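Engineer: As input, take data.cif (mmCIF, N, CA and C atoms and all ligand atoms):
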```cif
data_query
loop_
_atom_site.label_atom_id
_atom_site.label_comp_id
_atom_site.auth_asym_id
_atom_site.auth_seq_id
_atom_site.Cartn_x
_atom_site.Cartn_y
_atom_site.Cartn_z
N MET U 15 65.82 165.59 45.50
CA MET U 15 67.07 166.16 45.99
C MET U 15 67.24 165.81 47.48
N THR U 16 67.57 164.62 47.77
CA THR U 16 67.78 164.21 49.16
C THR U 16 69.24 163.82 49.36
N GLY U 17 70.09 164.83 49.28
CA GLY U 17 71.52 164.55 49.48
C GLY U 17 71.93 164.59 50.93
N PHE U 18 72.17 163.45 51.44
CA PHE U 18 72.62 163.38 52.82
C PHE U 18 74.13 163.15 52.85
N VAL U 19 74.76 163.99 53.50
CA VAL U 19 76.21 163.81 53.68
C VAL U 19 76.45 163.34 55.10
N THR U 20 76.90 162.18 55.16
CA THR U 20 77.15 161.61 56.49
C THR U 20 78.65 161.62 56.76
N ARG U 21 78.93 162.26 57.79
CA ARG U 21 80.35 162.28 58.15
C ARG U 21 80.57 161.43 59.40
N ALA U 22 81.34 160.47 59.20
CA ALA U 22 81.65 159.61 60.34
C ALA U 22 82.72 160.28 61.19
N ALA U 23 82.35 160.45 62.39
CA ALA U 23 83.34 161.03 63.29
C ALA U 23 84.49 160.05 63.48
N ALA U 24 85.62 160.54 63.24
CA ALA U 24 86.80 159.67 63.36
C ALA U 24 87.17 159.52 64.83
N LEU U 25 86.96 158.34 65.28
CA LEU U 25 87.30 158.07 66.68
C LEU U 25 88.71 157.48 66.73
N LEU U 26 89.57 158.30 67.13
CA LEU U 26 90.95 157.83 67.22
C LEU U 26 91.20 157.24 68.60
N ALA U 27 90.94 156.02 68.64
CA ALA U 27 91.17 155.34 69.91
C ALA U 27 92.43 154.51 69.81
N VAL U 28 93.48 155.11 70.18
CA VAL U 28 94.77 154.41 70.07
C VAL U 28 95.37 154.28 71.47
N PRO U 29 95.05 153.21 72.10
CA PRO U 29 95.62 153.03 73.44
C PRO U 29 97.10 152.69 73.38
N LEU U 30 97.86 153.58 73.89
CA LEU U 30 99.30 153.32 73.91
C LEU U 30 99.66 152.76 75.28
N LEU U 31 99.82 151.51 75.29
CA LEU U 31 100.16 150.87 76.56
C LEU U 31 101.67 150.68 76.63
N LEU U 32 102.25 151.64 77.27
CA LEU U 32 103.70 151.54 77.42
C LEU U 32 104.00 150.84 78.74
N VAL U 33 104.14 149.58 78.65
CA VAL U 33 104.40 148.81 79.86
C VAL U 33 105.90 148.86 80.16
N GLY U 34 106.21 149.56 81.19
CA GLY U 34 107.61 149.71 81.54
C GLY U 34 108.13 148.52 82.29
N CYS U 35 108.70 147.62 81.59
CA CYS U 35 109.22 146.42 82.23
C CYS U 35 110.63 146.19 81.72
N SER U 36 111.56 146.75 82.42
CA SER U 36 112.94 146.60 82.00
C SER U 36 113.50 145.31 82.59
N GLY U 37 113.48 144.31 81.82
CA GLY U 37 113.88 143.00 82.31
C GLY U 37 115.37 142.77 82.28
N GLY U 38 116.04 143.39 83.15
CA GLY U 38 117.47 143.15 83.27
C GLY U 38 118.28 143.83 82.19
N GLY U 39 119.41 143.31 81.91
CA GLY U 39 120.26 143.90 80.91
C GLY U 39 121.42 144.64 81.55
N SER U 40 121.07 145.54 82.47
CA SER U 40 122.11 146.33 83.08
C SER U 40 122.79 145.54 84.20
N GLY U 41 124.05 145.44 84.12
CA GLY U 41 124.79 144.75 85.15
C GLY U 41 124.84 145.51 86.45
N LYS U 42 124.37 146.77 86.41
CA LYS U 42 124.39 147.58 87.62
C LYS U 42 123.18 147.32 88.50
N ASP U 43 122.18 146.63 87.94
CA ASP U 43 120.93 146.44 88.68
C ASP U 43 121.12 145.40 89.77
N THR U 44 121.01 145.83 90.99
CA THR U 44 121.18 144.91 92.12
C THR U 44 119.93 144.89 92.98
N GLY U 45 118.77 145.17 92.37
CA GLY U 45 117.52 145.06 93.11
C GLY U 45 117.08 146.38 93.71
N SER U 46 116.05 146.29 94.53
CA SER U 46 115.47 147.51 95.07
C SER U 46 115.10 147.33 96.53
N VAL U 47 114.96 148.46 97.22
CA VAL U 47 114.48 148.47 98.59
C VAL U 47 113.46 149.60 98.70
N THR U 48 112.46 149.41 99.54
CA THR U 48 111.46 150.45 99.76
C THR U 48 111.74 151.12 101.10
N THR U 49 111.70 152.43 101.10
CA THR U 49 111.95 153.16 102.34
C THR U 49 110.90 152.81 103.37
N THR U 50 111.27 152.96 104.64
CA THR U 50 110.30 152.78 105.73
C THR U 50 110.20 154.10 106.49
N GLY U 51 109.11 154.24 107.23
CA GLY U 51 108.92 155.42 108.05
C GLY U 51 107.95 156.40 107.44
N ALA U 52 107.60 157.41 108.23
CA ALA U 52 106.67 158.45 107.79
C ALA U 52 107.25 159.21 106.60
N ALA U 53 106.39 159.85 105.84
CA ALA U 53 106.82 160.49 104.60
C ALA U 53 107.97 161.46 104.81
N ASP U 54 107.94 162.19 105.91
CA ASP U 54 108.99 163.18 106.12
C ASP U 54 110.15 162.63 106.94
N ALA U 55 110.14 161.31 107.18
CA ALA U 55 111.22 160.70 107.95
C ALA U 55 111.50 159.29 107.44
N GLN U 56 111.58 159.16 106.12
CA GLN U 56 111.85 157.85 105.53
C GLN U 56 113.33 157.51 105.68
N THR U 57 113.60 156.21 105.75
CA THR U 57 114.98 155.77 105.81
C THR U 57 115.20 154.58 104.88
N ALA U 58 116.41 154.48 104.40
CA ALA U 58 116.83 153.33 103.61
C ALA U 58 118.36 153.29 103.64
N THR U 59 118.88 152.09 103.47
CA THR U 59 120.34 151.92 103.45
C THR U 59 120.77 151.39 102.10
N VAL U 60 121.81 152.00 101.56
CA VAL U 60 122.39 151.53 100.31
C VAL U 60 123.84 151.14 100.59
N ASP U 61 124.15 149.88 100.36
CA ASP U 61 125.51 149.41 100.55
C ASP U 61 126.37 149.72 99.33
N MET U 62 127.63 149.94 99.61
CA MET U 62 128.61 150.18 98.54
C MET U 62 129.77 149.25 98.83
N GLY U 63 130.00 148.34 97.92
CA GLY U 63 130.95 147.30 98.26
C GLY U 63 132.11 147.17 97.30
N ALA U 64 132.84 146.09 97.51
CA ALA U 64 134.04 145.85 96.73
C ALA U 64 133.73 145.58 95.26
N ASP U 65 132.47 145.21 94.96
CA ASP U 65 132.12 144.93 93.56
C ASP U 65 131.79 146.22 92.79
N LEU U 66 131.95 147.35 93.45
CA LEU U 66 131.75 148.66 92.82
C LEU U 66 130.33 148.83 92.29
N LYS U 67 129.39 148.40 93.11
CA LYS U 67 127.97 148.57 92.80
C LYS U 67 127.26 149.09 94.03
N PHE U 68 126.19 149.86 93.79
CA PHE U 68 125.29 150.18 94.88
C PHE U 68 124.37 148.98 95.07
N ARG U 69 124.10 148.65 96.32
CA ARG U 69 123.31 147.46 96.61
C ARG U 69 122.29 147.79 97.69
N PRO U 70 121.02 147.90 97.41
CA PRO U 70 120.44 147.78 96.07
C PRO U 70 120.68 149.03 95.25
N SER U 71 120.46 148.91 93.97
CA SER U 71 120.70 150.03 93.07
C SER U 71 119.46 150.91 92.91
N THR U 72 118.33 150.46 93.45
CA THR U 72 117.10 151.25 93.34
C THR U 72 116.46 151.40 94.71
N VAL U 73 116.15 152.63 95.06
CA VAL U 73 115.42 152.92 96.30
C VAL U 73 114.05 153.44 95.91
N LEU U 74 113.01 152.79 96.41
CA LEU U 74 111.64 153.20 96.13
C LEU U 74 111.16 154.04 97.29
N ALA U 75 110.80 155.30 97.00
CA ALA U 75 110.46 156.24 98.07
C ALA U 75 109.17 156.96 97.73
N ARG U 76 108.69 157.71 98.72
CA ARG U 76 107.53 158.57 98.51
C ARG U 76 107.99 160.01 98.56
N VAL U 77 107.16 160.90 98.05
CA VAL U 77 107.47 162.32 98.16
C VAL U 77 107.65 162.64 99.64
N GLY U 78 108.73 163.32 99.95
CA GLY U 78 109.03 163.64 101.34
C GLY U 78 110.52 163.67 101.55
N THR U 79 110.93 163.34 102.75
CA THR U 79 112.36 163.39 103.10
C THR U 79 112.86 161.99 103.44
N VAL U 80 113.98 161.66 102.84
CA VAL U 80 114.57 160.33 103.01
C VAL U 80 115.99 160.49 103.54
N THR U 81 116.29 159.77 104.60
CA THR U 81 117.68 159.67 105.03
C THR U 81 118.25 158.39 104.45
N LEU U 82 119.14 158.57 103.47
CA LEU U 82 119.82 157.45 102.84
C LEU U 82 121.12 157.22 103.59
N THR U 83 121.30 156.02 104.07
CA THR U 83 122.57 155.70 104.70
C THR U 83 123.46 155.04 103.67
N ALA U 84 124.51 155.74 103.30
CA ALA U 84 125.49 155.20 102.36
C ALA U 84 126.50 154.40 103.16
N ASN U 85 126.42 153.09 103.02
CA ASN U 85 127.16 152.18 103.89
C ASN U 85 128.24 151.46 103.09
N ASN U 86 129.47 151.77 103.39
CA ASN U 86 130.58 151.17 102.66
C ASN U 86 130.98 149.86 103.33
N THR U 87 130.66 148.76 102.66
CA THR U 87 130.95 147.45 103.23
C THR U 87 132.34 146.94 102.82
N GLY U 88 132.98 147.68 101.90
CA GLY U 88 134.28 147.22 101.40
C GLY U 88 135.43 148.00 102.00
N GLN U 89 136.48 148.08 101.25
CA GLN U 89 137.69 148.74 101.73
C GLN U 89 137.97 150.06 101.02
N VAL U 90 137.67 150.10 99.73
CA VAL U 90 137.99 151.31 98.97
C VAL U 90 136.92 152.37 99.19
N PRO U 91 137.28 153.64 99.12
CA PRO U 91 136.30 154.71 99.34
C PRO U 91 135.27 154.78 98.22
N HIS U 92 134.07 155.21 98.60
CA HIS U 92 133.00 155.50 97.66
C HIS U 92 132.35 156.82 98.08
N ASP U 93 131.47 157.31 97.24
CA ASP U 93 130.56 158.37 97.65
C ASP U 93 129.24 158.17 96.92
N LEU U 94 128.26 159.00 97.30
CA LEU U 94 126.93 158.90 96.69
C LEU U 94 126.53 160.33 96.35
N VAL U 95 126.49 160.60 95.04
CA VAL U 95 126.30 161.98 94.57
C VAL U 95 125.11 161.99 93.60
N PHE U 96 124.09 162.77 93.94
CA PHE U 96 122.95 162.88 93.03
C PHE U 96 123.33 163.71 91.81
N ASP U 97 122.83 163.25 90.66
CA ASP U 97 123.08 164.01 89.42
C ASP U 97 122.48 165.40 89.52
N ASP U 98 121.32 165.48 90.17
CA ASP U 98 120.73 166.78 90.45
C ASP U 98 121.42 167.31 91.71
N LYS U 99 122.35 168.23 91.51
CA LYS U 99 123.19 168.69 92.63
C LYS U 99 122.39 169.23 93.79
N ALA U 100 121.19 169.74 93.50
CA ALA U 100 120.36 170.31 94.57
C ALA U 100 119.94 169.26 95.59
N LEU U 101 119.97 168.00 95.18
CA LEU U 101 119.55 166.93 96.09
C LEU U 101 120.64 166.58 97.09
N GLY U 102 121.87 166.83 96.73
CA GLY U 102 122.94 166.63 97.70
C GLY U 102 123.86 165.47 97.39
N LYS U 103 124.81 165.28 98.29
CA LYS U 103 125.80 164.22 98.13
C LYS U 103 126.44 163.93 99.48
N THR U 104 127.03 162.75 99.58
CA THR U 104 127.83 162.46 100.76
C THR U 104 129.23 162.99 100.52
N GLY U 105 130.02 162.98 101.57
CA GLY U 105 131.45 163.15 101.39
C GLY U 105 132.03 161.81 100.99
N THR U 106 133.32 161.71 101.05
CA THR U 106 133.96 160.41 100.80
C THR U 106 133.64 159.48 101.96
N VAL U 107 133.12 158.31 101.60
CA VAL U 107 132.79 157.33 102.63
C VAL U 107 133.88 156.26 102.60
N ASP U 108 134.72 156.27 103.61
CA ASP U 108 135.84 155.32 103.65
C ASP U 108 135.34 153.91 103.91
N GLY U 109 136.21 152.96 103.65
CA GLY U 109 135.87 151.56 103.86
C GLY U 109 135.40 151.31 105.29
N LYS U 110 134.39 150.46 105.41
CA LYS U 110 133.85 150.05 106.71
C LYS U 110 133.27 151.20 107.52
N THR U 111 132.84 152.27 106.82
CA THR U 111 132.15 153.35 107.51
C THR U 111 130.86 153.64 106.74
N SER U 112 130.03 154.49 107.32
CA SER U 112 128.81 154.88 106.64
C SER U 112 128.53 156.36 106.90
N GLU U 113 127.72 156.92 106.02
CA GLU U 113 127.38 158.33 106.18
C GLU U 113 125.91 158.53 105.78
N PRO U 114 125.14 159.19 106.65
CA PRO U 114 123.75 159.46 106.29
C PRO U 114 123.65 160.67 105.36
N LEU U 115 122.74 160.59 104.42
CA LEU U 115 122.48 161.71 103.51
C LEU U 115 120.97 161.97 103.53
N LYS U 116 120.61 163.14 104.00
CA LYS U 116 119.19 163.48 104.10
C LYS U 116 118.78 164.20 102.83
N VAL U 117 117.80 163.67 102.13
CA VAL U 117 117.39 164.21 100.84
C VAL U 117 115.89 164.47 100.85
N THR U 118 115.51 165.64 100.39
CA THR U 118 114.08 165.95 100.28
C THR U 118 113.65 165.88 98.83
N PHE U 119 112.65 165.04 98.58
CA PHE U 119 112.08 164.90 97.23
C PHE U 119 110.72 165.58 97.24
N SER U 120 110.62 166.68 96.54
CA SER U 120 109.38 167.47 96.56
C SER U 120 108.39 167.03 95.49
N LYS U 121 108.86 166.18 94.59
CA LYS U 121 107.95 165.70 93.56
C LYS U 121 108.34 164.29 93.14
N ALA U 122 107.38 163.62 92.50
CA ALA U 122 107.64 162.27 92.03
C ALA U 122 108.61 162.32 90.85
N GLY U 123 109.29 161.20 90.65
CA GLY U 123 110.23 161.13 89.53
C GLY U 123 111.33 160.14 89.83
N THR U 124 112.26 160.04 88.91
CA THR U 124 113.42 159.17 89.07
C THR U 124 114.66 160.03 89.20
N PHE U 125 115.38 159.83 90.29
CA PHE U 125 116.52 160.68 90.60
C PHE U 125 117.77 159.81 90.70
N THR U 126 118.67 160.01 89.78
CA THR U 126 119.82 159.14 89.67
C THR U 126 121.00 159.66 90.50
N PHE U 127 121.80 158.70 90.93
CA PHE U 127 123.02 159.06 91.65
C PHE U 127 124.16 158.17 91.20
N THR U 128 125.34 158.63 91.42
CA THR U 128 126.53 157.88 91.03
C THR U 128 127.58 157.94 92.14
N CYS U 129 128.60 157.13 91.97
CA CYS U 129 129.80 157.23 92.79
C CYS U 129 130.85 157.88 91.92
N THR U 130 131.41 158.97 92.42
CA THR U 130 132.35 159.71 91.57
C THR U 130 133.70 159.00 91.46
N PHE U 131 133.93 158.01 92.30
CA PHE U 131 135.21 157.31 92.24
C PHE U 131 135.22 156.22 91.17
N HIS U 132 134.03 155.68 90.87
CA HIS U 132 133.97 154.50 90.03
C HIS U 132 132.99 154.70 88.89
N SER U 133 133.52 154.83 87.70
CA SER U 133 132.71 154.98 86.50
C SER U 133 131.75 153.82 86.35
N GLY U 134 130.49 154.12 86.16
CA GLY U 134 129.49 153.07 85.99
C GLY U 134 128.83 152.63 87.26
N MET U 135 129.31 153.12 88.39
CA MET U 135 128.68 152.78 89.67
C MET U 135 127.53 153.76 89.88
N ALA U 136 126.31 153.28 89.75
CA ALA U 136 125.16 154.18 89.71
C ALA U 136 123.94 153.53 90.33
N GLY U 137 123.02 154.38 90.74
CA GLY U 137 121.75 153.91 91.28
C GLY U 137 120.71 155.01 91.13
N LYS U 138 119.53 154.74 91.66
CA LYS U 138 118.47 155.74 91.53
C LYS U 138 117.45 155.63 92.65
N VAL U 139 116.83 156.76 92.91
CA VAL U 139 115.68 156.80 93.82
C VAL U 139 114.46 157.05 92.96
N VAL U 140 113.50 156.15 93.05
CA VAL U 140 112.24 156.32 92.31
C VAL U 140 111.20 156.80 93.32
N VAL U 141 110.76 158.04 93.14
CA VAL U 141 109.82 158.66 94.07
C VAL U 141 108.43 158.64 93.45
N SER U 142 107.47 158.15 94.21
CA SER U 142 106.09 158.13 93.71
C SER U 142 105.16 158.77 94.71
CU CU W 201 132.43 153.68 94.31
#
```
What does the file become when written as structure tokens?
Structural biologist:
Amino acid sequence: MTGFVTRAAALLAVPLLLVGCSGGGSGKDTGSVTTTGAADAQTATVDMGADLKFRPSTVLARVGTVTLTANNTGQVPHDLVFDDKALGKTGTVDGKTSEPLKVTFSKAGTFTFTCTFHSGMAGKVVVS
């Protein structure tokens, strides 16, 4: 009577490598810029032009405070409004003017913004 029951431990090794590589597709993508300056005094400029796009459409930032300069290079008014209202928004930025928007990011994540004047005019701040 030598009954050995061997139970193989099921090793569920399923590496899920989700490689986030969004290779284009969106016509709104106009590249990225990385903020400069100390964490609590980062700066970056986002242009808003006649093509109704934010340029660049992605700002790479660190946790901290960023002064985003919304710079209207065109003639028609734009604004920059975060979807998360707590992050803030500019007023109307008339043609050939700019307005600074100071935003504090307390955690990492992707924070999207739009122009309320132009449907589809959008960008994001990626905080790491
Ligand atoms: Cu606009």
Engineer: Taking all atoms listed in the file into account, name the residue in U:Met62, U:Val139, U:Leu94, U:Val117 that is nearest to Thr79 in chain U.
Structural biologist: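 Ranked by minimum distance to Thr79 in chain U, first place goes to U:Val117.
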Engineer: When you look at Ser46 in chain U with a cut-off of 7 Å (counting only N, CA and C atoms), what residues show up, excluding the ones that are within fewer than 6 positions of it in the same chain? I need them as a PyMOL selection string.
Structural biologist: chain U and resi 70-74
Engineer: Using only C-alpha atoms, pick whichever of U:Gly45, U:Gly137, U:Gly51, U:Gly109 has the shortest atom-to-atom distance to Asp97 in chain U.
Structural biologist: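 Once distances to Asp97 in chain U are computed over only C-alpha atoms, the minimum belongs to U:Gly137.
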Engineer: For each of U:Leu66, U:Leu101, U:Val77, U:Ala58, take the minimum atom-to-atom distance to ligand CU 201 (chain W), counting only N, CA and C atoms and all ligand atoms, then give the residue where this is smallest.
Structural biologist: U:Leu66
Engineer: Hey, which of U:Thr126, U:Arg76, U:Lys110, U:Asn85 ends up closest to Val141 in chain U? Count all atoms listed in the file.
Structural biologist: U:Arg76
Engineer: Go through the chains and note each residue within 12 Å of ligand CU 201 (chain W), using only C-alpha atoms and all ligand atoms, then give the set as a PyMOL selection string.
Structural biologist: chain U and resi 60-69+84-95+104-109+127-137
Engineer: Would you list the residues near (110.5, 160.5, 89.5) (no more than 6.5 Å away, in the coordinates of the file, using all atoms listed in the file) as a list in words?
Structural biologist: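 The distance filter leaves exactly Lys121, Ala122, Gly123, Thr124, Phe125, Val139, Val140, Val141 and Ser142 of chain U.
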Engineer: Nearest to Leu82 in chain U among U:Thr59, U:Thr118, U:Thr49, U:Lys138, with distances taken over all atoms listed in the file: which residue is it?
Structural biologist: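 Of U:Thr59, U:Thr118, U:Thr49, U:Lys138, the one nearest Leu82 in chain U, counting all atoms listed in the file, is U:Thr59.
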Engineer: If I take atom C of Leu115 in chain U and atom N of Asp54 in chain U, how far is one from the other in Å, to one decimal?
Structural biologist: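 Distance between the two atoms: 13.2 Å.
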Engineer: Can you work out the spacing between atom C of Thr111 in chain U and atom C of Ala52 in chain U in Å, to one decimal?
Structural biologist: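 Atom-to-atom, atom C of Thr111 in chain U to atom C of Ala52 in chain U, that is 24.3 Å.
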Engineer: For Pro114 in chain U, which residue out of U:Ala55, U:Thr83, U:Lys99, U:Thr50 is the nearest one, using only N, CA and C atoms?
Structural biologist: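 So, comparing all the options, the nearest one is U:Thr83.
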Engineer: Measure the distance from atom N of Asp98 in chain U to atom N of Asp43 in chain U in Å and round it to one decimal.
Structural biologist: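 Computing the Euclidean distance for atom N of Asp98 in chain U and atom N of Asp43 in chain U yields 19.0 Å.
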Engineer: Can I get a file of range 109-130 of chain U from the given structure, N, CA, C and O atoms kept, as a short mmCIF file (atom, residue, chain, number, x, y, z; two decimals), in the first residue's frame?
Structural biologist:
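decode24.cif, freshly written:
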```
data_model
loop_
_atom_site.label_atom_id
_atom_site.label_comp_id
_atom_site.auth_asym_id
_atom_site.auth_seq_id
_atom_site.Cartn_x
_atom_site.Cartn_y
_atom_site.Cartn_z
N GLY U 109 -6.48 85.71 -29.84
CA GLY U 109 -5.41 85.53 -30.81
C GLY U 109 -4.19 86.37 -30.44
O GLY U 109 -4.31 87.50 -29.96
N LYS U 110 -3.02 85.79 -30.65
CA LYS U 110 -1.74 86.47 -30.42
C LYS U 110 -1.54 86.89 -28.97
O LYS U 110 -0.81 87.84 -28.69
N THR U 111 -2.20 86.18 -28.04
CA THR U 111 -1.94 86.43 -26.62
C THR U 111 -1.68 85.09 -25.95
O THR U 111 -1.87 84.02 -26.55
N SER U 112 -1.27 85.14 -24.70
CA SER U 112 -1.05 83.92 -23.95
C SER U 112 -1.51 84.10 -22.51
O SER U 112 -1.65 85.24 -22.04
N GLU U 113 -1.75 82.98 -21.87
CA GLU U 113 -2.19 83.04 -20.47
C GLU U 113 -1.56 81.88 -19.71
O GLU U 113 -1.65 80.73 -20.15
N PRO U 114 -0.93 82.18 -18.57
CA PRO U 114 -0.37 81.10 -17.76
C PRO U 114 -1.45 80.42 -16.93
O PRO U 114 -2.39 81.07 -16.45
N LEU U 115 -1.33 79.12 -16.80
CA LEU U 115 -2.24 78.35 -15.94
C LEU U 115 -1.39 77.50 -15.01
O LEU U 115 -0.64 76.62 -15.46
N LYS U 116 -1.51 77.78 -13.74
CA LYS U 116 -0.72 77.05 -12.74
C LYS U 116 -1.53 75.86 -12.25
O LYS U 116 -2.65 76.03 -11.75
N VAL U 117 -0.99 74.67 -12.41
CA VAL U 117 -1.71 73.45 -12.08
C VAL U 117 -0.87 72.60 -11.14
O VAL U 117 0.32 72.38 -11.39
N THR U 118 -1.49 72.12 -10.08
CA THR U 118 -0.78 71.22 -9.17
C THR U 118 -1.26 69.80 -9.38
O THR U 118 -2.47 69.52 -9.31
N PHE U 119 -0.30 68.92 -9.68
CA PHE U 119 -0.60 67.49 -9.85
C PHE U 119 -0.06 66.76 -8.62
O PHE U 119 1.15 66.70 -8.42
N SER U 120 -0.96 66.25 -7.83
CA SER U 120 -0.55 65.61 -6.56
C SER U 120 -0.27 64.13 -6.73
O SER U 120 0.23 63.49 -5.81
N LYS U 121 -0.62 63.60 -7.90
CA LYS U 121 -0.34 62.19 -8.12
C LYS U 121 -0.08 61.94 -9.59
O LYS U 121 -0.43 62.76 -10.45
N ALA U 122 0.55 60.80 -9.86
CA ALA U 122 0.83 60.44 -11.24
C ALA U 122 -0.47 60.08 -11.96
O ALA U 122 -1.46 59.71 -11.34
N GLY U 123 -0.43 60.20 -13.27
CA GLY U 123 -1.61 59.86 -14.05
C GLY U 123 -1.64 60.65 -15.34
O GLY U 123 -0.72 61.40 -15.65
N THR U 124 -2.71 60.46 -16.09
CA THR U 124 -2.91 61.18 -17.34
C THR U 124 -4.10 62.11 -17.17
O THR U 124 -5.18 61.67 -16.79
N PHE U 125 -3.86 63.38 -17.42
CA PHE U 125 -4.88 64.39 -17.16
C PHE U 125 -5.18 65.12 -18.47
O PHE U 125 -4.32 65.81 -19.02
N THR U 126 -6.38 64.94 -18.96
CA THR U 126 -6.73 65.45 -20.27
C THR U 126 -7.31 66.86 -20.19
O THR U 126 -7.91 67.25 -19.20
N PHE U 127 -7.09 67.58 -21.27
CA PHE U 127 -7.68 68.92 -21.37
C PHE U 127 -8.20 69.14 -22.78
O PHE U 127 -7.82 68.44 -23.72
N THR U 128 -9.10 70.07 -22.89
CA THR U 128 -9.68 70.38 -24.19
C THR U 128 -9.79 71.89 -24.36
O THR U 128 -9.59 72.66 -23.41
N CYS U 129 -10.12 72.28 -25.58
CA CYS U 129 -10.50 73.66 -25.87
C CYS U 129 -12.01 73.65 -26.02
O CYS U 129 -12.55 72.88 -26.83
N THR U 130 -12.67 74.48 -25.26
CA THR U 130 -14.14 74.44 -25.29
C THR U 130 -14.71 75.07 -26.56
O THR U 130 -15.88 74.90 -26.86
#
```
